[in-house]
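File shown: model30.tsv (TSV, C-alpha atoms and all ligand atoms).
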chain	number	residue	atom	x	y	z
R	30	MET	CA	-31.43	-8.63	-176.33
R	31	LEU	CA	-29.76	-11.96	-175.80
R	32	GLN	CA	-26.97	-10.16	-174.05
R	33	GLU	CA	-29.45	-8.67	-171.57
R	34	GLU	CA	-31.09	-12.02	-170.94
R	35	ILE	CA	-27.71	-13.58	-170.24
R	36	ALA	CA	-26.94	-10.81	-167.76
R	37	GLY	CA	-30.40	-11.24	-166.18
R	38	ILE	CA	-29.91	-14.95	-165.61
R	39	ALA	CA	-26.37	-14.44	-164.36
R	40	ALA	CA	-27.68	-11.99	-161.75
R	41	GLU	CA	-30.55	-14.33	-160.87
R	42	ILE	CA	-28.44	-17.40	-160.21
R	43	ASP	CA	-25.97	-15.34	-158.28
R	44	LYS	CA	-28.63	-14.66	-155.66
R	45	ILE	CA	-29.90	-18.21	-155.36
R	46	GLN	CA	-29.22	-20.01	-152.08
R	47	ILE	CA	-29.32	-23.75	-152.46
R	48	GLU	CA	-30.24	-25.47	-149.20
R	49	ASP	CA	-30.11	-29.16	-149.95
R	50	ALA	CA	-30.07	-31.93	-152.55
R	51	ILE	CA	-33.60	-31.12	-153.65
R	52	GLY	CA	-32.64	-27.49	-154.20
R	53	ALA	CA	-29.57	-28.54	-156.19
R	54	GLU	CA	-31.65	-30.75	-158.47
R	55	GLN	CA	-34.23	-28.03	-158.96
R	56	PHE	CA	-31.44	-25.65	-159.92
R	57	ARG	CA	-30.02	-28.12	-162.39
R	58	GLN	CA	-33.39	-28.68	-164.03
R	59	THR	CA	-34.21	-24.99	-164.24
R	60	TYR	CA	-30.92	-23.79	-165.65
R	61	LEU	CA	-28.72	-26.60	-166.90
R	62	SER	CA	-30.83	-29.56	-168.07
R	63	LYS	CA	-31.61	-30.01	-171.76
R	64	LYS	CA	-34.84	-28.07	-171.37
R	65	GLY	CA	-33.28	-25.60	-168.98
R	66	LEU	CA	-32.88	-21.87	-169.48
R	67	ILE	CA	-29.18	-21.85	-170.32
R	68	PRO	CA	-29.30	-24.48	-173.13
R	69	ALA	CA	-32.28	-22.50	-174.46
R	70	LEU	CA	-30.02	-19.46	-174.72
R	71	PHE	CA	-27.41	-21.54	-176.54
R	72	GLU	CA	-30.18	-22.57	-178.99
R	73	ARG	CA	-30.68	-18.93	-179.85
R	74	PHE	CA	-27.00	-18.46	-180.60
R	75	LYS	CA	-27.86	-19.22	-184.23
R	76	GLU	CA	-29.76	-15.95	-184.48
R	77	VAL	CA	-26.80	-13.88	-183.32
R	78	LYS	CA	-25.24	-11.63	-185.94
R	79	PRO	CA	-21.76	-12.82	-186.95
R	80	GLU	CA	-20.05	-9.69	-185.68
R	81	ASP	CA	-21.59	-10.26	-182.16
R	82	ARG	CA	-20.93	-13.96	-181.98
R	83	LYS	CA	-17.57	-13.76	-180.33
R	84	GLU	CA	-18.80	-11.63	-177.47
R	85	ILE	CA	-22.14	-13.43	-176.94
R	86	GLY	CA	-20.40	-16.78	-177.12
R	87	ARG	CA	-18.01	-15.68	-174.44
R	88	LEU	CA	-20.85	-14.47	-172.20
R	89	LEU	CA	-22.81	-17.68	-172.73
R	90	ASN	CA	-19.84	-19.79	-171.75
R	91	ILE	CA	-19.20	-17.73	-168.65
R	92	LEU	CA	-22.87	-18.10	-167.66
R	93	LYS	CA	-22.76	-21.84	-168.19
R	94	GLN	CA	-19.61	-22.18	-166.14
R	95	GLN	CA	-21.05	-20.00	-163.41
R	96	ALA	CA	-24.23	-22.12	-163.22
R	97	GLU	CA	-22.31	-25.37	-163.29
R	98	GLY	CA	-20.04	-24.11	-160.57
R	99	ILE	CA	-22.98	-23.22	-158.35
R	100	TRP	CA	-24.67	-26.54	-158.99
R	101	LYS	CA	-21.54	-28.62	-158.39
R	102	GLU	CA	-20.74	-26.88	-155.18
R	103	ALA	CA	-24.29	-27.34	-153.88
R	104	LYS	CA	-24.32	-30.96	-154.90
R	105	GLU	CA	-21.01	-31.69	-153.23
R	106	LYS	CA	-22.26	-30.12	-150.07
R	107	SER	CA	-25.49	-32.07	-150.05
R	108	ASP	CA	-23.72	-35.32	-150.96
R	109	ALA	CA	-21.28	-34.84	-148.12
R	110	GLY	CA	-24.00	-34.80	-145.50
R	111	PRO	CA	-27.68	-35.39	-145.38
R	112	THR	CA	-29.92	-32.36	-145.46
R	113	LYS	CA	-30.95	-30.45	-142.38
R	114	ASP	CA	-34.34	-32.09	-142.29
R	115	GLU	CA	-32.93	-35.55	-142.80
R	116	THR	CA	-30.43	-35.14	-139.95
R	117	PHE	CA	-33.19	-34.68	-137.45
R	118	ASP	CA	-33.34	-38.00	-135.67
R	119	PHE	CA	-36.52	-37.94	-133.65
R	120	SER	CA	-35.46	-41.00	-131.70
R	121	ALA	CA	-32.14	-39.52	-130.53
R	122	PRO	CA	-31.93	-38.68	-126.84
R	123	GLY	CA	-32.24	-34.97	-126.17
R	124	ILE	CA	-29.26	-32.75	-125.52
R	125	PRO	CA	-29.61	-31.76	-121.88
R	126	SER	CA	-29.70	-28.01	-121.43
R	127	PRO	CA	-27.87	-26.79	-118.35
R	128	SER	CA	-30.41	-26.31	-115.60
R	129	GLY	CA	-30.14	-24.07	-112.57
R	130	ASN	CA	-30.10	-25.08	-108.94
R	131	ARG	CA	-32.50	-24.11	-106.30
R	132	HIS	CA	-30.98	-21.80	-103.72
R	133	PRO	CA	-29.87	-23.67	-100.57
R	134	LEU	CA	-32.13	-21.45	-98.47
R	135	SER	CA	-35.11	-22.33	-100.67
R	136	ILE	CA	-34.26	-26.02	-100.35
R	137	VAL	CA	-34.15	-25.78	-96.55
R	138	ALA	CA	-37.26	-23.59	-96.34
R	139	ASP	CA	-39.15	-26.12	-98.43
R	140	GLU	CA	-38.02	-28.99	-96.23
R	141	ILE	CA	-39.23	-27.14	-93.15
R	142	ARG	CA	-42.50	-26.39	-94.89
R	143	GLU	CA	-42.99	-30.02	-95.83
R	144	VAL	CA	-42.45	-31.25	-92.27
R	145	PHE	CA	-45.01	-28.80	-90.92
R	146	ASN	CA	-47.41	-29.40	-93.79
R	147	ARG	CA	-47.54	-33.05	-92.82
R	148	LEU	CA	-48.56	-31.94	-89.32
R	149	GLY	CA	-51.40	-29.90	-90.78
R	150	PHE	CA	-49.76	-26.46	-90.70
R	151	THR	CA	-50.53	-24.10	-93.57
R	152	VAL	CA	-48.32	-21.29	-94.85
R	153	ALA	CA	-49.01	-17.59	-94.23
R	154	GLU	CA	-47.06	-14.52	-95.18
R	155	GLY	CA	-46.90	-10.89	-94.09
R	156	PRO	CA	-45.26	-7.62	-95.15
R	157	GLU	CA	-41.55	-6.93	-94.71
R	158	ILE	CA	-42.21	-3.28	-93.85
R	159	GLU	CA	-44.04	-3.37	-90.55
R	160	ASP	CA	-45.51	-0.95	-88.07
R	161	ASP	CA	-44.50	-0.80	-84.45
R	162	TRP	CA	-47.70	-2.54	-83.34
R	163	HIS	CA	-47.20	-5.75	-85.31
R	164	ASN	CA	-43.44	-6.00	-84.89
R	165	PHE	CA	-43.23	-4.98	-81.21
R	166	SER	CA	-46.19	-3.70	-79.20
R	167	ALA	CA	-48.71	-6.43	-79.90
R	168	LEU	CA	-45.96	-8.98	-79.21
R	169	ASN	CA	-45.69	-7.63	-75.69
R	170	PHE	CA	-42.35	-5.87	-76.11
R	171	PRO	CA	-41.91	-3.42	-73.22
R	172	GLU	CA	-41.46	0.25	-74.21
R	173	GLU	CA	-37.80	0.23	-73.23
R	174	HIS	CA	-36.91	-3.11	-74.86
R	175	PRO	CA	-33.51	-2.88	-76.60
R	176	ALA	CA	-34.85	-4.43	-79.82
R	177	ARG	CA	-36.82	-1.24	-80.31
R	178	ASP	CA	-33.57	0.65	-80.44
R	179	MET	CA	-32.24	2.24	-83.64
R	180	GLN	CA	-29.16	0.10	-83.19
R	181	ASP	CA	-31.07	-3.11	-83.75
R	182	THR	CA	-33.86	-2.08	-86.06
R	183	PHE	CA	-33.95	-0.36	-89.45
R	184	PHE	CA	-36.57	2.33	-89.07
R	185	ILE	CA	-38.03	4.04	-92.12
R	186	GLU	CA	-36.73	7.60	-92.06
R	187	GLN	CA	-39.83	9.18	-93.58
R	188	ALA	CA	-42.17	7.21	-91.30
R	189	PRO	CA	-40.51	6.66	-87.92
R	190	SER	CA	-43.27	4.36	-86.67
R	191	MET	CA	-42.51	1.96	-89.53
R	192	ALA	CA	-39.55	-0.40	-89.70
R	193	LEU	CA	-38.20	-3.36	-91.62
R	194	ARG	CA	-39.51	-6.30	-89.63
R	195	THR	CA	-36.93	-7.75	-87.28
R	196	HIS	CA	-38.62	-11.14	-87.11
R	197	THR	CA	-41.49	-13.10	-88.62
R	198	SER	CA	-43.33	-13.09	-85.27
R	199	SER	CA	-45.13	-10.01	-86.63
R	200	VAL	CA	-47.06	-12.30	-88.98
R	201	GLN	CA	-48.52	-14.13	-85.96
R	202	ILE	CA	-50.25	-10.92	-84.96
R	203	ARG	CA	-51.54	-10.25	-88.46
R	204	MET	CA	-53.00	-13.74	-88.66
R	205	MET	CA	-54.53	-13.76	-85.18
R	206	GLU	CA	-56.05	-10.29	-85.57
R	207	ARG	CA	-57.88	-11.23	-88.72
R	208	ASN	CA	-58.95	-14.80	-88.05
R	209	LYS	CA	-60.49	-16.94	-85.37
R	210	PRO	CA	-58.70	-19.86	-83.66
R	211	PRO	CA	-57.71	-22.60	-84.16
R	212	PHE	CA	-54.47	-21.57	-85.89
R	213	ARG	CA	-51.95	-23.98	-87.21
R	214	MET	CA	-49.62	-22.15	-89.54
R	215	ILE	CA	-46.03	-21.46	-90.45
R	216	MET	CA	-44.82	-18.07	-91.60
R	217	PRO	CA	-41.61	-17.98	-93.64
R	218	GLY	CA	-39.97	-14.76	-94.74
R	219	ARG	CA	-37.08	-12.35	-94.83
R	220	VAL	CA	-36.20	-10.26	-91.80
R	221	TYR	CA	-33.81	-7.37	-91.21
R	222	ARG	CA	-31.51	-6.32	-88.39
R	223	ASN	CA	-29.15	-3.44	-88.09
R	224	GLU	CA	-25.99	-5.53	-87.77
R	225	ALA	CA	-22.53	-5.16	-89.24
R	226	VAL	CA	-22.20	-7.78	-91.98
R	227	SER	CA	-19.70	-10.52	-91.17
R	228	ALA	CA	-19.28	-14.27	-91.60
R	229	ARG	CA	-21.61	-14.79	-88.62
R	230	ALA	CA	-24.14	-11.96	-88.89
R	231	HIS	CA	-26.01	-10.25	-91.68
R	232	CYS	CA	-28.33	-7.29	-91.96
R	233	PHE	CA	-30.96	-9.52	-93.53
R	234	PHE	CA	-31.74	-13.19	-93.17
R	235	HIS	CA	-34.70	-15.56	-93.24
R	236	GLN	CA	-36.91	-17.05	-90.58
R	237	VAL	CA	-39.76	-19.48	-90.29
R	238	GLU	CA	-42.25	-18.91	-87.55
R	239	ALA	CA	-44.76	-21.53	-86.44
R	240	LEU	CA	-47.93	-20.89	-84.47
R	241	TYR	CA	-50.44	-23.30	-83.01
R	242	VAL	CA	-53.38	-21.90	-81.08
R	243	ASP	CA	-56.39	-23.91	-79.98
R	244	GLU	CA	-58.14	-25.02	-76.81
R	245	ASN	CA	-55.89	-26.98	-74.46
R	246	VAL	CA	-52.62	-26.61	-76.34
R	247	SER	CA	-49.87	-27.45	-73.87
R	248	PHE	CA	-46.11	-27.33	-73.55
R	249	ALA	CA	-46.13	-31.09	-74.13
R	250	ASP	CA	-47.60	-30.45	-77.61
R	251	LEU	CA	-44.80	-28.00	-78.28
R	252	LYS	CA	-42.14	-30.42	-77.12
R	253	GLN	CA	-43.49	-33.27	-79.20
R	254	THR	CA	-43.74	-31.07	-82.27
R	255	LEU	CA	-40.15	-29.92	-81.77
R	256	LEU	CA	-38.84	-33.45	-81.39
R	257	HIS	CA	-40.70	-34.60	-84.48
R	258	PHE	CA	-39.46	-31.61	-86.44
R	259	ALA	CA	-35.83	-32.11	-85.40
R	260	ARG	CA	-35.90	-35.79	-86.31
R	261	GLU	CA	-37.56	-35.18	-89.66
R	262	LEU	CA	-35.07	-32.51	-90.60
R	263	PHE	CA	-31.84	-33.86	-89.13
R	264	GLY	CA	-32.45	-37.61	-88.87
R	265	THR	CA	-34.10	-40.00	-86.45
R	266	GLU	CA	-31.08	-40.18	-84.15
R	267	THR	CA	-31.30	-36.47	-83.36
R	268	LYS	CA	-31.77	-35.51	-79.73
R	269	ILE	CA	-33.23	-32.23	-78.54
R	270	ARG	CA	-32.86	-30.25	-75.36
R	271	LEU	CA	-34.81	-27.24	-74.17
R	272	ARG	CA	-33.21	-24.45	-72.17
R	273	PRO	CA	-35.28	-21.84	-70.35
R	274	SER	CA	-35.10	-18.49	-72.11
R	275	TYR	CA	-36.91	-15.19	-72.43
R	276	PHE	CA	-38.99	-13.73	-75.25
R	277	PRO	CA	-41.58	-11.03	-74.54
R	278	PHE	CA	-44.23	-12.85	-76.58
R	279	THR	CA	-43.97	-16.28	-74.95
R	280	GLU	CA	-44.27	-17.47	-71.37
R	281	PRO	CA	-42.63	-19.77	-70.53
R	282	SER	CA	-39.98	-19.43	-73.24
R	283	ALA	CA	-37.25	-21.81	-74.28
R	284	GLU	CA	-34.47	-22.27	-76.73
R	285	MET	CA	-34.02	-25.59	-78.42
R	286	ASP	CA	-30.68	-27.26	-79.07
R	287	ILE	CA	-30.19	-30.33	-81.17
R	288	SER	CA	-27.40	-32.86	-80.78
R	289	CYS	CA	-24.63	-31.71	-83.11
R	290	THR	CA	-25.27	-33.09	-86.57
R	291	VAL	CA	-21.58	-33.01	-87.44
R	292	CYS	CA	-20.06	-34.95	-84.52
R	293	SER	CA	-23.30	-36.59	-83.26
R	294	GLY	CA	-22.73	-34.99	-79.88
R	295	LYS	CA	-19.12	-36.05	-79.39
R	296	GLY	CA	-17.80	-32.51	-79.68
R	297	CYS	CA	-16.38	-30.60	-82.64
R	298	ASN	CA	-15.73	-27.02	-83.63
R	299	ILE	CA	-19.24	-26.59	-85.07
R	300	CYS	CA	-20.82	-27.20	-81.64
R	301	LYS	CA	-17.84	-25.62	-79.89
R	302	TYR	CA	-17.17	-28.98	-78.24
R	303	SER	CA	-20.46	-28.90	-76.33
R	304	GLY	CA	-22.19	-31.56	-78.43
R	305	TRP	CA	-25.23	-29.29	-78.85
R	306	VAL	CA	-26.22	-26.56	-81.29
R	307	GLU	CA	-28.99	-24.03	-80.80
R	308	ILE	CA	-31.52	-23.91	-83.61
R	309	LEU	CA	-34.65	-22.10	-82.47
R	310	GLY	CA	-36.61	-20.12	-79.92
R	311	CYS	CA	-40.05	-21.16	-78.75
R	312	GLY	CA	-42.60	-20.97	-75.98
R	313	MET	CA	-46.25	-20.75	-75.01
R	314	VAL	CA	-47.94	-17.71	-76.53
R	315	HIS	CA	-48.10	-15.00	-73.87
R	316	PRO	CA	-51.68	-14.28	-72.71
R	317	ASN	CA	-51.08	-10.58	-73.47
R	318	VAL	CA	-50.38	-11.42	-77.09
R	319	LEU	CA	-53.64	-13.35	-77.36
R	320	LYS	CA	-55.50	-10.46	-75.71
R	321	ASN	CA	-53.92	-7.97	-78.11
R	322	CYS	CA	-55.48	-9.99	-80.92
R	323	ASN	CA	-58.89	-10.25	-79.22
R	324	ILE	CA	-58.45	-13.92	-78.41
R	325	ASP	CA	-59.60	-15.06	-74.99
R	326	PRO	CA	-56.54	-16.46	-73.12
R	327	GLU	CA	-58.87	-18.21	-70.68
R	328	LYS	CA	-60.25	-20.30	-73.50
R	329	TYR	CA	-57.31	-20.60	-75.87
R	330	SER	CA	-53.65	-21.34	-75.48
R	331	GLY	CA	-50.93	-21.89	-78.00
R	332	PHE	CA	-47.30	-22.37	-78.76
R	333	ALA	CA	-45.02	-20.50	-81.11
R	334	LEU	CA	-41.56	-21.07	-82.40
R	335	GLY	CA	-39.18	-19.27	-84.68
R	336	MET	CA	-35.97	-20.25	-86.38
R	337	GLY	CA	-33.41	-18.82	-88.77
R	338	ILE	CA	-33.31	-20.63	-92.10
R	339	GLU	CA	-29.65	-19.68	-92.64
R	340	ARG	CA	-28.77	-21.27	-89.32
R	341	ILE	CA	-30.37	-24.55	-90.32
R	342	ALA	CA	-28.73	-24.42	-93.74
R	343	ILE	CA	-25.33	-23.73	-92.16
R	344	LEU	CA	-25.73	-26.82	-90.01
R	345	LYS	CA	-27.06	-29.01	-92.77
R	346	TYR	CA	-24.42	-28.03	-95.30
R	347	GLN	CA	-21.64	-26.87	-92.99
R	348	VAL	CA	-21.37	-23.48	-94.62
R	349	LYS	CA	-18.77	-21.36	-92.85
R	350	ASP	CA	-19.76	-17.89	-94.00
R	351	LEU	CA	-23.28	-16.47	-93.88
R	352	ARG	CA	-22.50	-13.99	-96.64
R	353	LEU	CA	-22.25	-16.79	-99.20
R	354	PHE	CA	-26.03	-17.14	-99.16
R	355	SER	CA	-26.56	-13.68	-100.60
R	356	GLN	CA	-23.53	-13.25	-102.86
R	357	ASN	CA	-25.00	-15.27	-105.72
R	358	ASP	CA	-21.66	-16.82	-106.54
R	359	ILE	CA	-22.53	-19.56	-108.99
R	360	ARG	CA	-19.64	-21.73	-107.78
R	361	PHE	CA	-21.23	-21.81	-104.32
R	362	LEU	CA	-24.82	-22.21	-105.48
R	363	LYS	CA	-24.01	-25.02	-107.91
R	364	GLN	CA	-23.06	-27.32	-105.05
R	365	PHE	CA	-26.62	-27.67	-103.79
R	366	SER	CA	-29.16	-30.01	-105.14
R	367	SER	CA	-32.65	-30.51	-103.88
R	368	GLY	CA	-32.76	-33.96	-105.43
R	369	LYS	CA	-35.96	-33.00	-107.21
Z	401	LIG	N1	-38.78	-13.91	-82.92
Z	401	LIG	C1	-37.67	-14.58	-82.32
Z	401	LIG	C2	-36.38	-14.04	-82.89
Z	401	LIG	O1	-36.43	-13.42	-83.92
Z	401	LIG	C3	-37.72	-16.06	-82.56
Z	401	LIG	C4	-38.83	-16.67	-81.78
Z	401	LIG	C5	-38.61	-17.07	-80.49
Z	401	LIG	C6	-40.07	-16.83	-82.36
Z	401	LIG	C7	-39.62	-17.64	-79.75
Z	401	LIG	C8	-41.08	-17.41	-81.64
Z	401	LIG	C9	-40.83	-17.80	-80.32
Z	401	LIG	O2	-42.30	-17.60	-82.13
Z	401	LIG	O3	-41.84	-18.39	-79.61
Z	401	LIG	O4	-35.34	-14.26	-82.36
How does this structure look as structure tokens?
Amino acid sequence: MLQEEIAGIAAEIDKIQIEDAIGAEQFRQTYLSKKGLIPALFERFKEVKPEDRKEIGRLLNILKQQAEGIWKEAKEKSDAGPTKDETFDFSAPGIPSPSGNRHPLSIVADEIREVFNRLGFTVAEGPEIEDDWHNFSALNFPEEHPARDMQDTFFIEQAPSMALRTHTSSVQIRMMERNKPPFRMIMPGRVYRNEAVSARAHCFFHQVEALYVDENVSFADLKQTLLHFARELFGTETKIRLRPSYFPFTEPSAEMDISCTVCSGKGCNICKYSGWVEILGCGMVHPNVLKNCNIDPEKYSGFALGMGIERIAILKYQVKDLRLFSQNDIRFLKQFSSGK
């Protein structure tokens, strides 16, 4: 009987996990103290028959040594360092966990958004898979315009009238079709072009479109908005210049250059020694585009502009290869901070 009890306690203490000083003391009291279970077994040694004494005595001593070993080890451990709970210093400064960076394109897109938000522009979005009407026809693209060519546009094989949008100008149409003027909105998003991927071109990139339609909107409003935008984004010293251009959906159309942000106009390899870099296309919304959206061009006029976010980011951060923006190489991405 006693032999079984000794074995039972030996098995029991073997399984015990002592966590801290409190656990060690509890263990001592339960098994080793004067009123503990092991001394109680020793008490009963008197009852053991003489012929069994040798063996039971041996087992009792082993049990006692085992228990003392466990207790000593636990006590040493808990004496060496405070317990888990005690180590928790609530006043200690936190251990910073590594945080991610925002993508450089998101940083730039947000900056653009903020500038236009302050001018009262709201944000609108549209689908990346577009039909011919929104991407081309309603924007006054002639039937034979090269942008409608397979070489420039990714058409959807199963639905040849659908394509991946080639620009965010399509969102202008969606907004104007469904709402009444005035419009003051920007439309950021991803666009696709059938181009061989290189350091300078990619088959997808990002644009922000801006549209302002109301009564009496003039080219002067456009120019002032552009100047304000350029100075907000690139600094107050920035100069702009407008060059006549052609887009089917604007008349007149222009392209805007800013004084080179790298050499301040003195000439460097970024601006190809011209002192100027092109950053966007713009113009007065073509009357046909307004008509296509059931807006009376006699009453309303507007301006639109569109820019590539990558292009702005390249200028701001002097990135040499467009592909870096979509490769998700952490060594590249870690270099950008939004300061927020
Ligand atoms: N959609 C043009 C492009 O992708 C950019 C653009 C030019 C947008 C002139 C406009 C604009 O709204 O007025 O190259």
What are the closest atom pairs, with distances in Å to one decimal, for each residue of range 104-148 of chain R lying within 7 Å of range 341-357 of chain R, using only C-alpha atoms, rows by chain and rising residue number, as CSV?
residue,atom,partner,partner_atom,distance
R:Pro133,CA,R:Ala342,CA,7.0
R:Leu134,CA,R:Ala342,CA,6.5
R:Val137,CA,R:Ala342,CA,6.3
At a cut-off of 9 Å, can you tabulate as JSON lines every residue of chain R near ligand LIG 401 (chain Z) together with its closest atom pair and the distance in Å to one decimal, using all atoms listed in the file and ordering rows by chain then number?
{"residue": "R:Thr195", "atom": "CA", "partner": "Z:LIG401", "partner_atom": "O1", "distance": 6.6}
{"residue": "R:His196", "atom": "CA", "partner": "Z:LIG401", "partner_atom": "O1", "distance": 4.5}
{"residue": "R:Thr197", "atom": "CA", "partner": "Z:LIG401", "partner_atom": "N1", "distance": 6.4}
{"residue": "R:Ser198", "atom": "CA", "partner": "Z:LIG401", "partner_atom": "N1", "distance": 5.2}
{"residue": "R:Ser199", "atom": "CA", "partner": "Z:LIG401", "partner_atom": "N1", "distance": 8.3}
{"residue": "R:Gln201", "atom": "CA", "partner": "Z:LIG401", "partner_atom": "O2", "distance": 8.1}
{"residue": "R:Val220", "atom": "CA", "partner": "Z:LIG401", "partner_atom": "O1", "distance": 8.5}
{"residue": "R:Gln236", "atom": "CA", "partner": "Z:LIG401", "partner_atom": "O1", "distance": 7.6}
{"residue": "R:Val237", "atom": "CA", "partner": "Z:LIG401", "partner_atom": "C6", "distance": 8.4}
{"residue": "R:Glu238", "atom": "CA", "partner": "Z:LIG401", "partner_atom": "O2", "distance": 5.6}
{"residue": "R:Ala239", "atom": "CA", "partner": "Z:LIG401", "partner_atom": "O2", "distance": 6.3}
{"residue": "R:Leu240", "atom": "CA", "partner": "Z:LIG401", "partner_atom": "O2", "distance": 6.9}
{"residue": "R:Ser274", "atom": "CA", "partner": "Z:LIG401", "partner_atom": "C7", "distance": 8.9}
{"residue": "R:Tyr275", "atom": "CA", "partner": "Z:LIG401", "partner_atom": "C7", "distance": 8.2}
{"residue": "R:Phe276", "atom": "CA", "partner": "Z:LIG401", "partner_atom": "C7", "distance": 6.0}
{"residue": "R:Pro277", "atom": "CA", "partner": "Z:LIG401", "partner_atom": "C7", "distance": 8.6}
{"residue": "R:Phe278", "atom": "CA", "partner": "Z:LIG401", "partner_atom": "O3", "distance": 6.8}
{"residue": "R:Thr279", "atom": "CA", "partner": "Z:LIG401", "partner_atom": "O3", "distance": 5.5}
{"residue": "R:Glu280", "atom": "CA", "partner": "Z:LIG401", "partner_atom": "O3", "distance": 8.6}
{"residue": "R:Ser282", "atom": "CA", "partner": "Z:LIG401", "partner_atom": "O3", "distance": 6.7}
{"residue": "R:Ala283", "atom": "CA", "partner": "Z:LIG401", "partner_atom": "C7", "distance": 7.3}
{"residue": "R:Glu284", "atom": "CA", "partner": "Z:LIG401", "partner_atom": "C7", "distance": 7.6}
{"residue": "R:Leu309", "atom": "CA", "partner": "Z:LIG401", "partner_atom": "C5", "distance": 6.7}
{"residue": "R:Gly310", "atom": "CA", "partner": "Z:LIG401", "partner_atom": "C5", "distance": 3.7}
{"residue": "R:Cys311", "atom": "CA", "partner": "Z:LIG401", "partner_atom": "O3", "distance": 3.4}
{"residue": "R:Gly312", "atom": "CA", "partner": "Z:LIG401", "partner_atom": "O3", "distance": 4.5}
{"residue": "R:Met313", "atom": "CA", "partner": "Z:LIG401", "partner_atom": "O3", "distance": 6.8}
{"residue": "R:Val314", "atom": "CA", "partner": "Z:LIG401", "partner_atom": "O3", "distance": 6.9}
{"residue": "R:Phe332", "atom": "CA", "partner": "Z:LIG401", "partner_atom": "O3", "distance": 6.8}
{"residue": "R:Ala333", "atom": "CA", "partner": "Z:LIG401", "partner_atom": "O3", "distance": 4.1}
{"residue": "R:Leu334", "atom": "CA", "partner": "Z:LIG401", "partner_atom": "O2", "distance": 3.6}
{"residue": "R:Gly335", "atom": "CA", "partner": "Z:LIG401", "partner_atom": "C6", "distance": 3.5}
{"residue": "R:Met336", "atom": "CA", "partner": "Z:LIG401", "partner_atom": "C3", "distance": 5.9}
{"residue": "R:Gly337", "atom": "CA", "partner": "Z:LIG401", "partner_atom": "O1", "distance": 7.9}
Contacts between range 242-266 of chain R and range 118-150 of chain R, please, where a residue of range 118-150 of chain R counts if it comes within 10 Å (with all atoms listed in the file); show its shortest atom pair and distance in Å to one decimal, rows by chain and ascending number, as a tab-separated table.
residue	atom	partner	partner_atom	distance
R:Val137	CA	R:Leu262	CA	9.0
R:Glu140	CA	R:Leu262	CA	7.3
R:Ile141	CA	R:Leu262	CA	7.3
R:Glu143	CA	R:Glu261	CA	9.7
R:Val144	CA	R:Phe258	CA	6.6
R:Phe145	CA	R:Phe258	CA	7.7
R:Leu148	CA	R:Thr254	CA	8.6
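Contact shell of Met285 in chain R at 7 Å (all atoms listed in the file; same-chain neighbours under 6 positions omitted): Ile269, Arg270, Leu271, Arg272, Glu307, Ile308, Leu309 and Gly310 of chain R.
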Keeping C-alpha atoms for every residue in the selection just given, could you write it to a file as a compact mmCIF listing (two decimals), in the frame of the given file?
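So result29.txt came out as:
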# COMPACT_ATOMS: atom_id res chain seq x y z
CA ILE R 269 -33.23 -32.23 -78.54
CA ARG R 270 -32.86 -30.25 -75.36
CA LEU R 271 -34.81 -27.24 -74.17
CA ARG R 272 -33.21 -24.45 -72.17
CA GLU R 307 -28.99 -24.03 -80.80
CA ILE R 308 -31.52 -23.91 -83.61
CA LEU R 309 -34.65 -22.10 -82.47
CA GLY R 310 -36.61 -20.12 -79.92
message: For range 158-166 of chain R, find every residue with an atom within 9 Å (counting only C-alpha atoms), except residues of its own chain fewer than 4 positions away, and show them as a PyMOL selection string.
response: chain R and resi 170-172+176-177+185+190-203+321
message: Using Å and a single decimal, report how far CA of Gly149 in chain R sits from CA of Ser366 in chain R.
response: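 Computing it gives 26.5 Å between the two atoms.
Going from CA of Gly218 in chain R over to CA of His235 in chain R, you cover 5.5 Å.
The smallest atom-to-atom distance between Ile38 in chain R and any of R:Gln364, R:Leu92, R:Gln187, R:Glu54, using all atoms listed in the file, is found for R:Leu92.
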